[in-house]
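The block underneath contains the structure these notes are about, expressed in structure tokens.
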Amino acid sequence: MSSHAVAFLSSFFFVLSALAADAFNINKMLSAYPDFTNFNNLLIQTGIAGEINKKHRVTVLVVANSNMAAVNGVSKDAMKEVLGVHVILDYYDEAKLKQLQTKQSTILTTLYQESGRAKNQQGFLNMTNTGNTPVVFASAAPGSKLDCTLVKQITAQPPKVSVLQVSNIINIASIPNSASYLPDASAPKLRKALAPAPSRAEAPAVPQISPTKPPSANANAPAPASTSSVVSLPSRDYLASTILMIFSWAWLLLPMV
């Protein structure tokens, strides 16, 4: 085999290795943590897992098995919408969250907003550092409650994917078939972690601040593409077709080298 052929094949396998190193699988990441098997299974059943794996920068807010009773009986379509709100289209880990200014809210775009089905700010999250409790997450939809707190970092692959545990399912008051779901009082409580989840009677009040408002001109539209200078990773289907095409070219070019 000529030196040109060797160089070509070496470059080809280097590219494949680089692409493989950048890929991640949210189901495999969560499978190492038995406390999140229910949440992981729902990601698979609703197809949300596949959408997460195609993202370049993403944060997944997971809920422990003991606090999943709140969504028992929710339809599959509503479940997909609820889970979509727990997928933030940006990277946040504990270190980045600590940089949030006290009593300042940040509006986050979620996977549900990107779907184009969200209405009335359902696809946005309000993330707030109240100064008295851990970081708090709430839906930006009218009528939603500020009752979901950060528990701890579970795992991460910076700067691509971060998995954060939150105290409970985020309440989204205006999603059909999930408007009245409340944590089951008879369900086992989440084991003590970094900080206990506040009860509904003790839920922290919304800080008296003027947070940045989510876009209102066309809140139902999918979120705009990120302006980050980093190029998004190719999807797995595209990657497979690209590999097959390169192999075909290599097979045709080798006899000519």
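By order in the structure tokens, chains are A, B, ...; within a chain, residues start at 1; ligands start at 1, following the order shown.
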What lies within 10 Å of Asn132 of chain A using only C-alpha atoms, ignoring chain neighbours under 3 positions off, as a PyMOL selection string? chain A and resi 102-103+129+135+204
Selection above as a file: N, CA, C and O atoms, as a JSON list (two decimals), in the first residue's frame:
```json
[["chain", "number", "residue", "atom", "x", "y", "z"],
["A", 102, "THR", "N", -27.36, 36.86, 42.92],
["A", 102, "THR", "CA", -28.47, 36.67, 43.85],
["A", 102, "THR", "C", -29.68, 37.50, 43.43],
["A", 102, "THR", "O", -29.55, 38.66, 43.03],
["A", 103, "LYS", "N", -30.85, 36.86, 43.52],
["A", 103, "LYS", "CA", -32.14, 37.48, 43.19],
["A", 103, "LYS", "C", -32.22, 37.96, 41.74],
["A", 103, "LYS", "O", -32.94, 38.90, 41.42],
["A", 129, "ASN", "N", -31.84, 32.53, 41.42],
["A", 129, "ASN", "CA", -31.05, 32.38, 42.64],
["A", 129, "ASN", "C", -31.67, 33.32, 43.66],
["A", 129, "ASN", "O", -31.47, 34.53, 43.61],
["A", 135, "VAL", "N", -30.81, 27.12, 43.90],
["A", 135, "VAL", "CA", -31.38, 27.65, 42.66],
["A", 135, "VAL", "C", -32.77, 27.06, 42.45],
["A", 135, "VAL", "O", -33.00, 25.87, 42.66],
["A", 204, "PRO", "N", -40.69, 29.11, 48.29],
["A", 204, "PRO", "CA", -40.16, 30.48, 48.32],
["A", 204, "PRO", "C", -40.97, 31.40, 47.41],
["A", 204, "PRO", "O", -41.39, 31.01, 46.34]]
```
Kindly give the distance, in Å, that separates atom CA of Gly131 of chain A and atom CA of Gln101 of chain A, rounded to a single decimal.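 Rounded to one decimal, the two atoms are 8.6 Å apart.
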What lies within 6 Å of segment 108-112 of chain A using only C-alpha atoms, ignoring chain neighbours under 4 positions off, as a ChimeraX atom specification? /A:81,84-85,87-89,123-125
How close does segment 60-159 of chain A get to segment 25-32 of chain A? List, as CSV, each residue of segment 60-159 of chain A within 9 Å, its nearest atom pair and the distance in Å to one decimal, counting only C-alpha atoms.
```
residue,atom,partner,partner_atom,distance
A:Val60,CA,A:Ile26,CA,8.9
A:Ile154,CA,A:Leu30,CA,8.9
A:Thr155,CA,A:Met29,CA,7.8
A:Ala156,CA,A:Met29,CA,8.8
```
For the residues selected in the previous step, produce a file with C-alpha atoms as a CSV table (one decimal), in the first residue's frame.
```csv
chain,number,residue,atom,x,y,z
A,60,VAL,CA,-31.2,17.7,31.6
A,154,ILE,CA,-25.4,14.1,38.9
A,155,THR,CA,-22.9,13.9,36.0
A,156,ALA,CA,-21.6,16.0,33.1
```
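Nearest to Leu146 of chain A of all the residues A:Asp35, A:Asn171, A:Ala70, A:Lys76 is A:Asn171, counting only C-alpha atoms.
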Members of segment 16-162 of chain A assigned alpha helix (DSSP H) by DSSP, as a ChimeraX atom specification: /A:16-22,26-31,37-46,48-53,76-85,94-97,111-114
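Candidate residues A:Ala49, A:Ala95, A:Ala78, A:Ile44 were compared for distance to Pro159 of chain A, and the nearest is A:Ala95, using only C-alpha atoms.
In this structure, atom CA of Gly47 of chain A sits 14.6 Å away from atom CA of Glu114 of chain A.
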For Leu42 of chain A, work out the shell of residues within 10 Å, counting only C-alpha atoms and skipping chain neighbours fewer than 3 positions away, then give it as a ChimeraX atom specification. /A:37-39,45-49,76,79-80,83
